[in-house]
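Novice: Just run-v9.tsv, nothing more (TSV, C-alpha atoms and all ligand atoms):
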```tsv
chain	number	residue	atom	x	y	z
A	46	GLU	CA	-79.42	-194.26	-48.10
A	47	GLN	CA	-82.62	-193.42	-46.22
A	48	LYS	CA	-83.17	-194.95	-42.83
A	49	VAL	CA	-86.58	-196.39	-42.08
A	50	VAL	CA	-87.89	-195.03	-38.78
A	51	LEU	CA	-91.07	-196.43	-37.25
A	52	ILE	CA	-92.68	-194.41	-34.46
A	53	THR	CA	-95.64	-195.39	-32.24
A	54	GLY	CA	-98.31	-193.00	-30.94
A	55	CYS	CA	-97.98	-190.23	-33.56
A	56	SER	CA	-101.45	-188.66	-33.40
A	57	SER	CA	-100.32	-186.11	-30.79
A	58	GLY	CA	-97.59	-184.82	-28.53
A	59	ILE	CA	-94.02	-186.00	-28.62
A	60	GLY	CA	-94.61	-188.74	-31.23
A	61	LEU	CA	-96.15	-186.30	-33.67
A	62	ARG	CA	-93.25	-183.86	-33.29
A	63	ILE	CA	-90.59	-186.56	-33.70
A	64	ALA	CA	-92.32	-187.80	-36.87
A	65	VAL	CA	-92.46	-184.32	-38.37
A	66	LEU	CA	-88.92	-183.33	-37.37
A	67	LEU	CA	-87.41	-186.47	-38.92
A	68	ALA	CA	-89.60	-186.30	-42.05
A	69	ARG	CA	-88.53	-182.70	-42.60
A	70	ASP	CA	-84.81	-183.51	-42.35
A	71	GLU	CA	-83.10	-181.34	-44.96
A	72	GLN	CA	-80.89	-184.12	-46.22
A	73	LYS	CA	-83.91	-186.46	-46.40
A	74	ARG	CA	-82.06	-189.08	-44.37
A	75	TYR	CA	-85.21	-190.64	-42.97
A	76	HIS	CA	-88.26	-192.42	-44.23
A	77	VAL	CA	-90.70	-192.02	-41.38
A	78	ILE	CA	-93.46	-194.54	-40.79
A	79	ALA	CA	-95.69	-192.65	-38.39
A	80	THR	CA	-98.15	-195.00	-36.69
A	81	MET	CA	-101.23	-194.44	-34.57
A	82	ARG	CA	-104.06	-196.52	-33.17
A	83	ASP	CA	-106.81	-194.70	-35.00
A	84	LEU	CA	-106.03	-193.24	-38.42
A	85	ARG	CA	-109.08	-190.99	-38.16
A	86	LYS	CA	-106.89	-188.91	-35.84
A	87	LYS	CA	-104.32	-188.27	-38.56
A	88	ASP	CA	-105.25	-184.68	-39.48
A	89	ARG	CA	-102.98	-182.84	-37.10
A	90	LEU	CA	-99.98	-184.93	-38.11
A	91	VAL	CA	-100.76	-184.62	-41.81
A	92	GLU	CA	-101.09	-180.87	-41.49
A	93	ALA	CA	-97.83	-180.54	-39.54
A	94	ALA	CA	-96.03	-182.82	-42.00
A	95	GLY	CA	-96.96	-180.54	-44.91
A	96	ASP	CA	-95.47	-181.59	-48.22
A	97	THR	CA	-93.39	-184.35	-46.62
A	98	TYR	CA	-96.61	-186.37	-46.29
A	99	GLY	CA	-96.57	-189.16	-48.87
A	100	LYS	CA	-92.86	-188.56	-49.49
A	101	THR	CA	-90.60	-188.93	-46.46
A	102	LEU	CA	-93.58	-189.60	-44.17
A	103	THR	CA	-96.15	-192.36	-44.48
A	104	LEU	CA	-98.90	-193.43	-42.12
A	105	LEU	CA	-99.84	-196.85	-40.82
A	106	SER	CA	-102.26	-197.94	-38.16
A	107	LEU	CA	-100.82	-199.66	-35.10
A	108	ASP	CA	-102.14	-200.39	-31.62
A	109	VAL	CA	-99.27	-201.39	-29.34
A	110	CYS	CA	-101.71	-203.37	-27.19
A	111	SER	CA	-102.68	-205.78	-29.98
A	112	ASP	CA	-100.53	-208.67	-31.21
A	113	ASP	CA	-102.41	-208.74	-34.54
A	114	SER	CA	-102.15	-205.02	-35.14
A	115	VAL	CA	-98.42	-204.98	-34.42
A	116	ARG	CA	-97.75	-208.04	-36.59
A	117	GLN	CA	-99.82	-206.70	-39.50
A	118	CYS	CA	-98.17	-203.32	-39.35
A	119	ILE	CA	-94.62	-204.66	-39.32
A	120	ASP	CA	-95.45	-207.22	-42.04
A	121	SER	CA	-96.62	-204.41	-44.27
A	122	VAL	CA	-93.24	-202.66	-44.06
A	123	LYS	CA	-91.00	-203.53	-47.03
A	124	ASP	CA	-88.87	-206.56	-46.08
A	125	ARG	CA	-89.92	-205.86	-42.47
A	126	HIS	CA	-86.85	-203.64	-42.52
A	127	ILE	CA	-86.84	-201.04	-39.74
A	128	ASP	CA	-83.61	-199.22	-38.95
A	129	ILE	CA	-84.89	-197.19	-36.03
A	130	LEU	CA	-87.83	-198.11	-33.81
A	131	ILE	CA	-89.16	-195.33	-31.60
A	132	ASN	CA	-91.43	-196.59	-28.81
A	133	ASN	CA	-93.33	-193.49	-27.85
A	134	ALA	CA	-96.95	-194.55	-27.23
A	135	GLY	CA	-97.85	-194.23	-23.57
A	136	VAL	CA	-100.60	-193.35	-21.15
A	137	GLY	CA	-100.58	-191.63	-17.77
A	138	LEU	CA	-102.47	-192.36	-14.57
A	139	LEU	CA	-102.77	-190.12	-11.56
A	140	GLY	CA	-104.50	-190.38	-8.23
A	141	PRO	CA	-104.76	-192.20	-4.91
A	142	VAL	CA	-104.13	-195.91	-5.43
A	143	GLU	CA	-107.18	-196.77	-3.27
A	144	SER	CA	-109.50	-195.31	-5.88
A	145	ILE	CA	-107.92	-196.77	-9.00
A	146	SER	CA	-109.30	-200.09	-10.24
A	147	MET	CA	-106.91	-202.96	-10.89
A	148	ASP	CA	-108.14	-202.95	-14.49
A	149	ASP	CA	-107.13	-199.33	-14.99
A	150	MET	CA	-103.72	-200.05	-13.50
A	151	LYS	CA	-103.27	-203.01	-15.83
A	152	LYS	CA	-104.14	-200.85	-18.83
A	153	VAL	CA	-101.21	-198.58	-18.02
A	154	PHE	CA	-98.85	-201.56	-17.95
A	155	GLU	CA	-100.47	-202.96	-21.11
A	156	THR	CA	-99.51	-199.81	-23.01
A	157	ASN	CA	-96.38	-198.48	-21.36
A	158	PHE	CA	-94.68	-201.78	-20.55
A	159	PHE	CA	-96.15	-204.65	-22.58
A	160	GLY	CA	-96.83	-202.37	-25.57
A	161	THR	CA	-93.16	-201.48	-25.81
A	162	VAL	CA	-92.07	-205.06	-25.16
A	163	ARG	CA	-94.45	-206.28	-27.91
A	164	MET	CA	-92.91	-203.84	-30.41
A	165	ILE	CA	-89.35	-204.77	-29.48
A	166	LYS	CA	-90.16	-208.48	-29.69
A	167	GLU	CA	-91.52	-208.01	-33.21
A	168	VAL	CA	-88.76	-205.80	-34.60
A	169	MET	CA	-85.61	-206.83	-32.71
A	170	PRO	CA	-85.05	-210.29	-34.31
A	171	ASP	CA	-84.57	-208.71	-37.76
A	172	MET	CA	-82.25	-206.10	-36.30
A	173	LYS	CA	-80.21	-208.80	-34.59
A	174	LYS	CA	-79.95	-210.74	-37.87
A	175	ARG	CA	-78.74	-207.64	-39.69
A	176	ARG	CA	-76.39	-206.74	-36.84
A	177	ALA	CA	-77.77	-203.20	-37.09
A	178	GLY	CA	-80.54	-201.03	-35.75
A	179	HIS	CA	-81.45	-198.59	-33.01
A	180	ILE	CA	-84.31	-198.96	-30.54
A	181	ILE	CA	-85.47	-195.82	-28.75
A	182	VAL	CA	-87.75	-196.01	-25.72
A	183	MET	CA	-89.61	-192.95	-24.41
A	184	SER	CA	-89.22	-193.44	-20.68
A	185	SER	CA	-89.42	-190.58	-18.19
A	186	VAL	CA	-87.66	-189.13	-15.18
A	187	MET	CA	-90.37	-191.13	-13.46
A	188	GLY	CA	-88.66	-194.24	-14.79
A	189	LEU	CA	-85.82	-193.44	-12.37
A	190	GLN	CA	-87.49	-191.72	-9.43
A	191	GLY	CA	-90.97	-192.34	-8.04
A	192	VAL	CA	-93.35	-189.41	-7.73
A	193	VAL	CA	-96.22	-189.21	-5.28
A	194	PHE	CA	-99.68	-189.99	-6.73
A	195	ASN	CA	-98.06	-191.23	-9.94
A	196	ASP	CA	-97.47	-194.61	-8.32
A	197	VAL	CA	-98.64	-196.88	-11.12
A	198	TYR	CA	-97.39	-194.77	-14.02
A	199	THR	CA	-94.00	-194.56	-12.33
A	200	ALA	CA	-93.99	-198.32	-11.81
A	201	SER	CA	-94.71	-198.91	-15.52
A	202	LYS	CA	-91.76	-196.71	-16.49
A	203	PHE	CA	-89.49	-198.40	-13.90
A	204	ALA	CA	-90.55	-201.69	-15.46
A	205	ILE	CA	-89.51	-200.65	-18.94
A	206	GLU	CA	-86.25	-199.21	-17.61
A	207	GLY	CA	-85.44	-202.57	-16.02
A	208	PHE	CA	-86.36	-204.42	-19.18
A	209	CYS	CA	-84.16	-202.17	-21.32
A	210	GLU	CA	-81.25	-202.24	-18.88
A	211	SER	CA	-81.26	-206.01	-19.20
A	212	MET	CA	-81.77	-206.07	-22.99
A	213	ALA	CA	-79.01	-203.54	-23.66
A	214	VAL	CA	-76.34	-206.06	-22.71
A	215	GLN	CA	-77.19	-208.73	-25.26
A	216	LEU	CA	-78.10	-206.18	-27.92
A	217	LEU	CA	-74.61	-204.75	-27.68
A	218	LYS	CA	-73.32	-208.15	-28.80
A	219	PHE	CA	-75.51	-207.86	-31.92
A	220	ASN	CA	-74.55	-204.26	-32.64
A	221	VAL	CA	-78.15	-203.14	-31.99
A	222	LYS	CA	-78.32	-199.88	-30.08
A	223	LEU	CA	-80.84	-199.19	-27.34
A	224	SER	CA	-81.48	-195.75	-25.86
A	225	LEU	CA	-83.88	-194.46	-23.23
A	226	ILE	CA	-85.12	-190.87	-23.43
A	227	GLU	CA	-86.05	-189.55	-19.98
A	228	PRO	CA	-87.98	-186.28	-20.14
A	229	GLY	CA	-89.25	-184.39	-17.12
A	230	PRO	CA	-92.60	-182.62	-17.56
A	231	VAL	CA	-93.57	-181.88	-21.17
A	232	HIS	CA	-96.50	-179.74	-22.28
A	233	THR	CA	-98.71	-182.16	-24.24
A	234	GLU	CA	-102.21	-183.56	-24.18
A	235	PHE	CA	-100.82	-186.10	-21.77
A	236	GLU	CA	-100.95	-183.50	-19.05
A	237	THR	CA	-104.33	-182.13	-20.21
A	238	LYS	CA	-105.85	-185.62	-20.38
A	239	MET	CA	-104.65	-186.40	-16.88
A	240	MET	CA	-106.01	-183.17	-15.44
A	241	GLU	CA	-109.38	-183.84	-17.09
A	242	ASP	CA	-109.43	-187.30	-15.57
A	243	VAL	CA	-108.59	-185.82	-12.19
A	244	ALA	CA	-111.52	-183.41	-12.38
A	245	LYS	CA	-113.91	-186.22	-13.35
A	246	MET	CA	-112.77	-188.68	-10.73
A	247	GLU	CA	-114.69	-189.20	-7.55
A	248	TYR	CA	-112.03	-191.12	-5.66
A	249	PRO	CA	-114.12	-193.95	-4.26
A	250	GLY	CA	-112.32	-195.79	-1.48
A	251	ALA	CA	-109.96	-192.94	-0.60
A	252	ASP	CA	-110.31	-191.14	2.72
A	253	ALA	CA	-110.92	-187.40	2.86
A	254	ASP	CA	-107.34	-186.52	3.90
A	255	THR	CA	-105.84	-188.42	1.01
A	256	VAL	CA	-108.22	-186.82	-1.47
A	257	ARG	CA	-107.35	-183.41	-0.06
A	258	TYR	CA	-103.59	-184.03	-0.29
A	259	PHE	CA	-104.08	-185.13	-3.86
A	260	LYS	CA	-106.47	-182.47	-5.13
A	261	ASP	CA	-105.50	-179.45	-3.08
A	262	VAL	CA	-101.80	-180.01	-2.49
A	263	TYR	CA	-100.38	-182.24	-5.18
A	264	ILE	CA	-102.38	-181.07	-8.22
A	265	PRO	CA	-101.78	-177.31	-7.88
A	266	SER	CA	-98.06	-177.79	-7.30
A	267	SER	CA	-97.84	-180.20	-10.17
A	268	ILE	CA	-99.41	-177.60	-12.45
A	269	ASP	CA	-96.90	-175.03	-11.19
A	270	ILE	CA	-94.02	-177.36	-11.88
A	271	PHE	CA	-95.26	-178.02	-15.42
A	272	GLU	CA	-95.54	-174.28	-15.96
A	273	ALA	CA	-92.10	-173.49	-14.64
A	274	LEU	CA	-90.03	-176.43	-15.81
A	275	GLY	CA	-91.99	-178.01	-18.66
A	276	GLN	CA	-90.31	-178.60	-21.99
A	277	THR	CA	-92.09	-178.63	-25.33
A	278	PRO	CA	-92.71	-181.76	-27.41
A	279	ASP	CA	-90.40	-180.18	-29.96
A	280	ASP	CA	-87.58	-180.05	-27.38
A	281	ILE	CA	-87.99	-183.78	-26.82
A	282	ALA	CA	-88.11	-184.41	-30.58
A	283	LYS	CA	-84.83	-182.53	-31.00
A	284	CYS	CA	-83.22	-184.48	-28.16
A	285	THR	CA	-84.40	-187.73	-29.75
A	286	LYS	CA	-83.00	-186.73	-33.15
A	287	LYS	CA	-79.66	-185.99	-31.48
A	288	VAL	CA	-79.63	-189.44	-29.89
A	289	ILE	CA	-80.43	-191.09	-33.22
A	290	GLU	CA	-77.70	-189.14	-34.99
A	291	SER	CA	-75.02	-189.66	-32.39
A	292	SER	CA	-72.21	-191.97	-33.47
A	293	ARG	CA	-72.12	-193.42	-29.96
A	294	PRO	CA	-75.60	-192.92	-28.52
A	295	ARG	CA	-75.92	-193.01	-24.76
A	296	PHE	CA	-78.14	-195.57	-23.06
A	297	ARG	CA	-79.78	-193.06	-20.71
A	298	ASN	CA	-80.74	-189.59	-21.87
A	299	LEU	CA	-82.26	-187.14	-19.40
A	300	THR	CA	-83.58	-184.13	-21.29
A	301	ASN	CA	-84.21	-181.58	-18.54
A	302	SER	CA	-81.21	-180.27	-16.60
A	303	LEU	CA	-83.43	-178.79	-13.88
A	304	TYR	CA	-84.62	-182.28	-13.03
A	305	THR	CA	-81.29	-184.03	-12.76
A	306	PRO	CA	-80.86	-183.30	-9.01
A	307	ILE	CA	-83.98	-185.36	-8.36
A	308	VAL	CA	-82.29	-188.35	-9.91
A	309	ALA	CA	-78.95	-187.52	-8.33
A	310	MET	CA	-80.42	-187.58	-4.81
A	311	LYS	CA	-81.16	-191.22	-5.28
A	312	TYR	CA	-77.59	-192.07	-6.11
A	313	ALA	CA	-76.20	-189.71	-3.50
A	314	ASP	CA	-77.93	-191.55	-0.64
A	315	GLU	CA	-78.12	-195.30	-0.90
A	316	THR	CA	-80.55	-195.59	2.04
A	317	GLY	CA	-83.25	-193.92	-0.04
A	318	GLY	CA	-84.09	-191.58	2.83
A	319	LEU	CA	-82.94	-188.40	1.11
A	320	SER	CA	-85.36	-188.83	-1.78
A	321	VAL	CA	-88.32	-189.86	0.36
A	322	HIS	CA	-87.84	-187.05	2.89
A	323	THR	CA	-87.16	-184.39	0.30
A	324	PHE	CA	-90.38	-185.28	-1.52
A	325	TYR	CA	-92.23	-185.47	1.79
A	326	ASN	CA	-91.05	-182.02	2.81
A	327	LEU	CA	-91.86	-180.61	-0.58
A	328	LEU	CA	-95.40	-181.89	-0.43
A	329	PHE	CA	-96.39	-181.52	3.19
A	330	ASN	CA	-94.15	-179.04	4.94
A	331	PHE	CA	-94.20	-176.02	2.72
A	332	GLY	CA	-96.92	-173.61	1.75
A	333	SER	CA	-95.53	-172.68	-1.57
A	334	LEU	CA	-94.27	-175.90	-2.98
A	335	MET	CA	-93.24	-174.36	-6.24
A	336	HIS	CA	-91.03	-171.77	-4.64
A	337	ILE	CA	-89.22	-174.28	-2.52
A	338	THR	CA	-88.90	-176.78	-5.34
A	339	MET	CA	-87.19	-174.21	-7.48
A	340	SER	CA	-84.74	-173.23	-4.76
A	341	ILE	CA	-83.96	-176.81	-3.85
A	342	LEU	CA	-83.44	-177.68	-7.49
A	343	LYS	CA	-81.15	-174.72	-7.88
A	344	CYS	CA	-79.06	-175.44	-4.81
A	345	LEU	CA	-78.85	-179.13	-5.59
A	346	THR	CA	-77.55	-178.37	-9.03
A	347	CYS	CA	-74.01	-178.24	-7.73
A	348	SER	CA	-71.34	-180.01	-9.65
A	349	CYS	CA	-71.37	-183.18	-7.56
A	350	LEU	CA	-75.04	-183.77	-8.21
A	351	ARG	CA	-75.33	-182.49	-11.73
A	352	ARG	CA	-76.01	-185.16	-14.28
A	353	ARG	CA	-75.27	-184.60	-17.92
A	354	THR	CA	-78.36	-184.18	-20.04
A	355	ILE	CA	-78.86	-183.94	-23.75
A	356	SER	CA	-80.08	-180.51	-24.72
A	357	PRO	CA	-82.47	-179.85	-27.57
A	358	ASP	CA	-80.06	-177.37	-29.18
B	1	LIG	P1	-99.77	-187.84	-25.69
B	1	LIG	O1	-100.93	-188.34	-24.94
B	1	LIG	O2	-99.91	-186.61	-26.52
B	1	LIG	O3	-99.19	-188.98	-26.64
B	1	LIG	C1	-99.26	-190.35	-26.37
B	1	LIG	C2	-99.69	-191.03	-27.66
B	1	LIG	O4	-99.73	-192.45	-27.46
B	1	LIG	C3	-101.08	-190.58	-28.08
B	1	LIG	O5	-101.06	-190.19	-29.44
B	1	LIG	C4	-101.94	-191.81	-27.86
B	1	LIG	O6	-103.01	-191.92	-28.78
B	1	LIG	C5	-100.89	-192.91	-28.09
B	1	LIG	N1	-101.32	-194.21	-27.58
B	1	LIG	C6	-101.88	-194.51	-26.38
B	1	LIG	N2	-102.18	-195.83	-26.33
B	1	LIG	C7	-101.79	-196.36	-27.51
B	1	LIG	C8	-101.83	-197.67	-28.07
B	1	LIG	N3	-102.37	-198.71	-27.39
B	1	LIG	N4	-101.32	-197.87	-29.31
B	1	LIG	C9	-100.79	-196.85	-30.02
B	1	LIG	N5	-100.74	-195.58	-29.55
B	1	LIG	C10	-101.25	-195.34	-28.31
B	1	LIG	O7	-98.60	-187.65	-24.62
B	1	LIG	P2	-96.99	-187.46	-24.80
B	1	LIG	O8	-96.56	-186.62	-23.68
B	1	LIG	O9	-96.63	-187.07	-26.18
B	1	LIG	O10	-96.49	-188.94	-24.49
B	1	LIG	C11	-95.56	-189.64	-25.29
B	1	LIG	C12	-94.63	-190.45	-24.42
B	1	LIG	O11	-93.84	-189.58	-23.63
B	1	LIG	C13	-95.33	-191.39	-23.43
B	1	LIG	O12	-94.67	-192.64	-23.42
B	1	LIG	C14	-95.16	-190.69	-22.09
B	1	LIG	O13	-95.14	-191.61	-21.03
B	1	LIG	C15	-93.83	-190.03	-22.29
B	1	LIG	N6	-93.56	-188.89	-21.39
B	1	LIG	C16	-94.41	-187.83	-21.33
B	1	LIG	C17	-94.15	-186.78	-20.45
B	1	LIG	C18	-95.07	-185.59	-20.32
B	1	LIG	O14	-94.94	-184.85	-19.35
B	1	LIG	N7	-95.96	-185.35	-21.26
B	1	LIG	C19	-93.00	-186.83	-19.64
B	1	LIG	C20	-92.14	-187.91	-19.73
B	1	LIG	C21	-92.44	-188.94	-20.62
```
Using structure tokens, write down the structure that the file contains.

Specialist:
Amino acid sequence: EQKVVLITGCSSGIGLRIAVLLARDEQKRYHVIATMRDLRKKDRLVEAAGDTYGKTLTLLSLDVCSDDSVRQCIDSVKDRHIDILINNAGVGLLGPVESISMDDMKKVFETNFFGTVRMIKEVMPDMKKRRAGHIIVMSSVMGLQGVVFNDVYTASKFAIEGFCESMAVQLLKFNVKLSLIEPGPVHTEFETKMMEDVAKMEYPGADADTVRYFKDVYIPSSIDIFEALGQTPDDIAKCTKKVIESSRPRFRNLTNSLYTPIVAMKYADETGGLSVHTFYNLLFNFGSLMHITMSILKCLTCSCLRRRTISPD
């Protein structure tokens, strides 16, 4: 029997690729309900879905920030029956905290944290009743380790990690599975959108040094890191499919083995100093951040610090 999979944020990036990968499953095990805020943006998904569109893939509109939209969407699903909920919709935010308005910060939490909570709140009760279901949450490595100038985005992902860590315990009692996917950098519009925002921003309220550290030190190295270590949205889709298809899915799923030392540092030093100083040295004490990052990542990837990841293949 086909499993009903509902995915949020499918007009681009990771959500689009997960929708297409599942809809194209050779054994047709999934009926994918691909949702997006604005159905006028459906063309890319429809094109990528090919002849699965209208068969194993259908489209619905859903804005994770709206109670009405979420309710209407779920009500329109047959018997409100969703086997697998994939919370993918998310937004990024970069820059010095001084120059970001409180409203813009709240928008990030509205989508990344409350948007996911709203979806879970709507879908979970039916799953609990049926004693079945799987909830997937697209978190990030930044849900486990803070990254400079990503302060608010990181906080929103930490928030959802904490929420899920708490939920997982009672859901286990109801046989509902909950899994976090924690990618490192992924080449999507997410990154492009953020870089565009960065170029447009004027950084009111931030002093010249801070702006310089952000624009001239952080941004170029961040681009280098994306170039060198970035995965594709398809990689993340494959990892997600693996998690869904696992008989005993893990709660946490890092997808990028080159990033695991960053997380491991945190657990290796309970004072927190190792993480803070490593990031400090990476940002401020080296000319070629990229070069050093790579070598540190490589040398830290010793067996004691290596964390198991899921691989796309
Ligand atoms: P993306 O910008 O291509 O996709 C995000 C999608 O969410 C977009 O289609 C956007 O329209 C949608 N969205 C935003 N607000 C929404 C709302 N209110 N309701 C419904 N949909 C909404 O970027 P992506 O990289 O594919 O991001 C997908 C997820 O992966 C996000 O949760 C992001 O935090 C996470 N992630 C991304 C990266 C990365 O480097 N790109 C790394 C780790 C985690």

Novice: Of the candidates A:Tyr75, A:Tyr248, A:Phe235, A:Tyr263, which shows the shortest atom-to-atom distance to Val49 in chain A, using only C-alpha atoms?

Specialist: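 Of all the options, A:Tyr75 lies closest to Val49 in chain A.
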
Novice: Taking into account all atoms listed in the file, which residue in the set A:Leu61, A:Ile129, A:Ile119, A:Ile307 is nearest to ligand LIG 1 (chain B)?

Specialist: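 That would be A:Leu61, the residue with the smallest distance to ligand LIG 1 (chain B).
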
Novice: Using only C-alpha atoms and all ligand atoms, which residue out of A:Asp70, A:Asp171, A:Asp280, A:Glu247 lies closest to ligand LIG 1 (chain B)?

Specialist: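 Ranked by minimum distance to ligand LIG 1 (chain B), first place goes to A:Asp280.
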
Novice: List as a count of residues only the residues having at least one atom at most 12 Å from position (-97.6, -182.1, -1.8) as given in the file, counting only C-alpha atoms.

Specialist: 35

Novice: Pick out the closest residue to ligand LIG 1 (chain B) from this set: A:Arg85, A:Arg69, A:His232, A:Arg74. Count all atoms listed in the file.

Specialist: A:His232

Novice: Between atom O9 of ligand LIG 1 (chain B) and CA of Glu290 in chain A, what is the distance in Å, rounded to a tenth?

Specialist: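 Taking atom O9 of ligand LIG 1 (chain B) as the start and CA of Glu290 in chain A as the end point, the length is 21.0 Å.
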